[in-house]
Amino acid sequence: RFGVTRAMLREALTVLQAMRVLESRPRSGIYLRAEARVGSLDAAVMKTNLGLPLKPAEADELNEFRSILECQAIARYGERRTAEDIARLAACMDICREGLRRGESIAKPSADFHLAIVAATHNQFLLRAANSCYLATRELRDQLFSSAEVSQDSILEHQQIRDAIAQGCVASARKAMNSHLETAAQYWRRQAQPATTSAANPATPRRHRGPMTAQ
């Protein structure tokens, strides 16, 4: 009926159960689980990969999750970072600047900058969670970085975060990251709302130079 084999169906069900989207109950059947309570973060990635947009509340919660994770990562960064970790941040920023100069999207190198901060904790589970978060919000970030002005502001803000980290000023780096991510949250809330503006004139978040916006 659906043009798939039983083997393909079994494999799909196995994946959905592994992501805690479905639950198999012996001698009863297969049921949807309460996603908000027991679903995995990878289930959110799967939904966005299928073209299902994030709900406004989901966008808010994902950004809050990212803020908690990355601000905590900054504290660990100060304790565990190596020279290679600092160099990785600088390399990500160089790629962002070159992409901006060439008129290209900096969505990926911007995400790489944030992931490099988490990677410097040398905790694989923090990095896995952060990576899933960025995959789940890829479409929102692609829309955000279609603006050259937004990209330029983001690069300046990343520089502030990087400088504070390199100087060992954890409090300053966390403050900068918090501000950076709050501006991103404003944008995500707007993008997650039903479209009310023309596609030719997408809504642009209000940004301020100096404090940060996370992309």
# chains A, B, ... in the order shown; residues from 1 in each chain; ligands from 1
call {"tool": "residues_around", "arguments": {"residues": "stretch 42-48 of chain A", "least_positions_apart": "5", "cutoff": "12 Å", "atoms": "only C-alpha atoms", "output": "number ranges by chain"}}
result
A: 15-22, 33-36, 53-55, 58-59, 61-62, 128-140
call {"tool": "write_last_selection", "arguments": {"atoms": "C-alpha atoms", "output": "compact mmCIF listing (two decimals), in the first residue's frame"}}
result
# COMPACT_ATOMS: atom_id res chain seq x y z
CA VAL A 15 14.81 3.67 14.71
CA LEU A 16 11.76 5.44 16.10
CA GLN A 17 11.82 3.25 19.18
CA ALA A 18 15.53 3.98 19.68
CA MET A 19 14.72 7.70 19.55
CA ARG A 20 11.95 7.10 22.10
CA VAL A 21 9.29 8.36 19.70
CA LEU A 22 7.48 5.00 19.78
CA ARG A 33 5.37 8.20 23.57
CA ALA A 34 5.09 11.56 25.35
CA GLU A 35 7.78 13.28 23.30
CA ALA A 36 8.29 16.26 25.61
CA PRO A 53 9.06 23.39 11.61
CA LEU A 54 9.84 23.99 15.25
CA LYS A 55 6.98 25.33 17.30
CA GLU A 58 10.26 24.42 21.06
CA ALA A 59 12.47 27.14 19.59
CA GLU A 61 13.33 25.80 24.86
CA LEU A 62 16.07 24.75 22.46
CA ARG A 128 26.92 15.30 21.25
CA ALA A 129 24.08 17.28 22.81
CA ALA A 130 25.32 20.56 21.34
CA ASN A 131 25.70 19.02 17.90
CA SER A 132 22.13 17.70 17.97
CA CYS A 133 20.89 21.12 19.03
CA TYR A 134 22.59 22.79 16.07
CA LEU A 135 21.28 20.17 13.67
CA ALA A 136 17.74 20.71 14.95
CA THR A 137 18.00 24.47 14.38
CA ARG A 138 19.82 24.38 11.06
CA GLU A 139 16.93 25.84 9.06
CA LEU A 140 16.47 28.74 11.48
call {"tool": "select_by_dssp", "arguments": {"residues": "stretch 1-199 of chain A", "states": "strand (DSSP E or B)", "output": "count of residues only"}}
result
8
call {"tool": "select_by_dssp", "arguments": {"residues": "chain A", "states": "helix (DSSP H, G or I)", "output": "ChimeraX atom specification"}}
result
/A:6-18,35-38,41-49,56-80,83-101,107-119,124-136,138-144,148-166,170-192
call {"tool": "residues_around", "arguments": {"residues": "A:Ala90", "least_positions_apart": "2", "cutoff": "12 Å", "atoms": "only C-alpha atoms", "output": "PyMOL selection string"}}
result
chain A and resi 83-88+92-97+109-110+112-114+116-117+155+158-163+165-166
call {"tool": "write_last_selection", "arguments": {"atoms": "C-alpha atoms", "output": "CSV table (one decimal), in the first residue's frame"}}
result
chain,number,residue,atom,x,y,z
A,83,ALA,CA,46.4,26.1,22.6
A,84,GLU,CA,44.8,24.0,19.8
A,85,ASP,CA,41.3,24.9,21.2
A,86,ILE,CA,42.0,28.6,21.0
A,87,ALA,CA,43.4,28.2,17.5
A,88,ARG,CA,40.3,26.4,16.5
A,92,CYS,CA,36.3,29.3,12.6
A,93,MET,CA,36.2,33.1,12.8
A,94,ASP,CA,38.6,33.4,9.8
A,95,ILE,CA,36.3,31.2,7.7
A,96,CYS,CA,33.3,33.4,8.8
A,97,ARG,CA,35.1,36.5,7.7
A,109,PRO,CA,31.3,28.2,10.4
A,110,SER,CA,29.3,30.1,13.0
A,112,ASP,CA,31.4,25.4,14.2
A,113,PHE,CA,32.6,28.3,16.4
A,114,HIS,CA,30.0,27.5,19.1
A,116,ALA,CA,34.5,24.4,19.2
A,117,ILE,CA,33.7,26.0,22.6
A,155,ILE,CA,31.4,37.9,13.7
A,158,HIS,CA,32.1,36.0,18.4
A,159,GLN,CA,35.3,38.1,18.6
A,160,GLN,CA,34.3,39.4,21.9
A,161,ILE,CA,33.5,35.9,23.2
A,162,ARG,CA,36.8,34.6,21.9
A,163,ASP,CA,38.8,37.5,23.4
A,165,ILE,CA,37.9,33.3,26.7
A,166,ALA,CA,41.5,33.8,25.6
call {"tool": "atom_distance", "arguments": {"atom1": "atom CA of A:Leu41", "atom2": "atom CA of A:Ala171"}}
result
28.7 Å
call {"tool": "residues_around", "arguments": {"residues": "stretch 67-80 of chain A", "least_positions_apart": "5", "cutoff": "7 Å", "atoms": "only C-alpha atoms", "output": "JSON, numbers by chain"}}
result
{"A": [117, 118, 120, 121, 165, 168, 170, 174, 177, 178, 181]}
call {"tool": "closest_residue", "arguments": {"among": "A:Ile106, A:Leu13, A:Leu126, A:Leu50", "to": "A:Leu32", "atoms": "only C-alpha atoms"}}
result
A:Leu13
call {"tool": "atom_distance", "arguments": {"atom1": "atom CA of A:Trp188", "atom2": "atom CA of A:Asp60"}}
result
7.3 Å
call {"tool": "atom_distance", "arguments": {"atom1": "atom CA of A:Glu64", "atom2": "atom CA of A:Ser172"}}
result
19.1 Å
call {"tool": "decode", "arguments": {"residues": "stretch 155-174 of chain A", "atoms": "N, CA, C and O atoms", "output": "PDB file, in the first residue's frame"}}
result
ATOM      1  N   ILE A 155      29.911  38.018  13.707  1.00  0.00           N
ATOM      2  CA  ILE A 155      31.368  37.888  13.728  1.00  0.00           C
ATOM      3  C   ILE A 155      31.978  38.790  14.798  1.00  0.00           C
ATOM      4  O   ILE A 155      32.875  38.377  15.546  1.00  0.00           O
ATOM      5  N   LEU A 156      31.494  40.020  14.896  1.00  0.00           N
ATOM      6  CA  LEU A 156      31.997  40.940  15.916  1.00  0.00           C
ATOM      7  C   LEU A 156      31.721  40.403  17.316  1.00  0.00           C
ATOM      8  O   LEU A 156      32.572  40.490  18.211  1.00  0.00           O
ATOM      9  N   GLU A 157      30.567  39.833  17.494  1.00  0.00           N
ATOM     10  CA  GLU A 157      30.207  39.304  18.796  1.00  0.00           C
ATOM     11  C   GLU A 157      31.000  38.047  19.136  1.00  0.00           C
ATOM     12  O   GLU A 157      31.404  37.843  20.296  1.00  0.00           O
ATOM     13  N   HIS A 158      31.228  37.214  18.153  1.00  0.00           N
ATOM     14  CA  HIS A 158      32.084  36.048  18.369  1.00  0.00           C
ATOM     15  C   HIS A 158      33.482  36.474  18.786  1.00  0.00           C
ATOM     16  O   HIS A 158      34.134  35.817  19.603  1.00  0.00           O
ATOM     17  N   GLN A 159      33.969  37.563  18.201  1.00  0.00           N
ATOM     18  CA  GLN A 159      35.303  38.051  18.557  1.00  0.00           C
ATOM     19  C   GLN A 159      35.352  38.431  20.031  1.00  0.00           C
ATOM     20  O   GLN A 159      36.334  38.142  20.722  1.00  0.00           O
ATOM     21  N   GLN A 160      34.302  39.055  20.524  1.00  0.00           N
ATOM     22  CA  GLN A 160      34.257  39.416  21.938  1.00  0.00           C
ATOM     23  C   GLN A 160      34.273  38.182  22.833  1.00  0.00           C
ATOM     24  O   GLN A 160      34.958  38.155  23.862  1.00  0.00           O
ATOM     25  N   ILE A 161      33.513  37.175  22.448  1.00  0.00           N
ATOM     26  CA  ILE A 161      33.506  35.935  23.220  1.00  0.00           C
ATOM     27  C   ILE A 161      34.888  35.292  23.210  1.00  0.00           C
ATOM     28  O   ILE A 161      35.413  34.879  24.251  1.00  0.00           O
ATOM     29  N   ARG A 162      35.473  35.221  22.031  1.00  0.00           N
ATOM     30  CA  ARG A 162      36.789  34.589  21.891  1.00  0.00           C
ATOM     31  C   ARG A 162      37.847  35.323  22.710  1.00  0.00           C
ATOM     32  O   ARG A 162      38.674  34.715  23.389  1.00  0.00           O
ATOM     33  N   ASP A 163      37.826  36.668  22.658  1.00  0.00           N
ATOM     34  CA  ASP A 163      38.823  37.460  23.387  1.00  0.00           C
ATOM     35  C   ASP A 163      38.692  37.249  24.891  1.00  0.00           C
ATOM     36  O   ASP A 163      39.700  37.108  25.595  1.00  0.00           O
ATOM     37  N   ALA A 164      37.461  37.231  25.390  1.00  0.00           N
ATOM     38  CA  ALA A 164      37.257  37.031  26.828  1.00  0.00           C
ATOM     39  C   ALA A 164      37.740  35.649  27.260  1.00  0.00           C
ATOM     40  O   ALA A 164      38.359  35.492  28.316  1.00  0.00           O
ATOM     41  N   ILE A 165      37.461  34.648  26.423  1.00  0.00           N
ATOM     42  CA  ILE A 165      37.911  33.289  26.734  1.00  0.00           C
ATOM     43  C   ILE A 165      39.433  33.220  26.740  1.00  0.00           C
ATOM     44  O   ILE A 165      40.047  32.655  27.653  1.00  0.00           O
ATOM     45  N   ALA A 166      40.065  33.811  25.714  1.00  0.00           N
ATOM     46  CA  ALA A 166      41.523  33.757  25.591  1.00  0.00           C
ATOM     47  C   ALA A 166      42.211  34.456  26.756  1.00  0.00           C
ATOM     48  O   ALA A 166      43.303  34.062  27.178  1.00  0.00           O
ATOM     49  N   GLN A 167      41.550  35.499  27.304  1.00  0.00           N
ATOM     50  CA  GLN A 167      42.116  36.237  28.434  1.00  0.00           C
ATOM     51  C   GLN A 167      41.802  35.577  29.774  1.00  0.00           C
ATOM     52  O   GLN A 167      42.236  36.047  30.818  1.00  0.00           O
ATOM     53  N   GLY A 168      41.029  34.490  29.719  1.00  0.00           N
ATOM     54  CA  GLY A 168      40.679  33.792  30.949  1.00  0.00           C
ATOM     55  C   GLY A 168      39.601  34.475  31.757  1.00  0.00           C
ATOM     56  O   GLY A 168      39.423  34.168  32.945  1.00  0.00           O
ATOM     57  N   CYS A 169      38.859  35.398  31.151  1.00  0.00           N
ATOM     58  CA  CYS A 169      37.786  36.128  31.850  1.00  0.00           C
ATOM     59  C   CYS A 169      36.473  35.354  31.689  1.00  0.00           C
ATOM     60  O   CYS A 169      35.661  35.671  30.799  1.00  0.00           O
ATOM     61  N   VAL A 170      36.289  34.352  32.506  1.00  0.00           N
ATOM     62  CA  VAL A 170      35.127  33.472  32.374  1.00  0.00           C
ATOM     63  C   VAL A 170      33.824  34.242  32.554  1.00  0.00           C
ATOM     64  O   VAL A 170      32.863  34.066  31.793  1.00  0.00           O
ATOM     65  N   ALA A 171      33.768  35.112  33.561  1.00  0.00           N
ATOM     66  CA  ALA A 171      32.536  35.860  33.818  1.00  0.00           C
ATOM     67  C   ALA A 171      32.171  36.737  32.619  1.00  0.00           C
ATOM     68  O   ALA A 171      31.006  36.808  32.219  1.00  0.00           O
ATOM     69  N   SER A 172      33.168  37.390  32.030  1.00  0.00           N
ATOM     70  CA  SER A 172      32.918  38.251  30.877  1.00  0.00           C
ATOM     71  C   SER A 172      32.484  37.424  29.670  1.00  0.00           C
ATOM     72  O   SER A 172      31.589  37.824  28.914  1.00  0.00           O
ATOM     73  N   ALA A 173      33.118  36.271  29.501  1.00  0.00           N
ATOM     74  CA  ALA A 173      32.774  35.413  28.364  1.00  0.00           C
ATOM     75  C   ALA A 173      31.342  34.886  28.498  1.00  0.00           C
ATOM     76  O   ALA A 173      30.592  34.841  27.517  1.00  0.00           O
ATOM     77  N   ARG A 174      30.949  34.499  29.694  1.00  0.00           N
ATOM     78  CA  ARG A 174      29.591  33.988  29.907  1.00  0.00           C
ATOM     79  C   ARG A 174      28.560  35.096  29.724  1.00  0.00           C
ATOM     80  O   ARG A 174      27.484  34.872  29.155  1.00  0.00           O
TER      81      ARG A 174
END
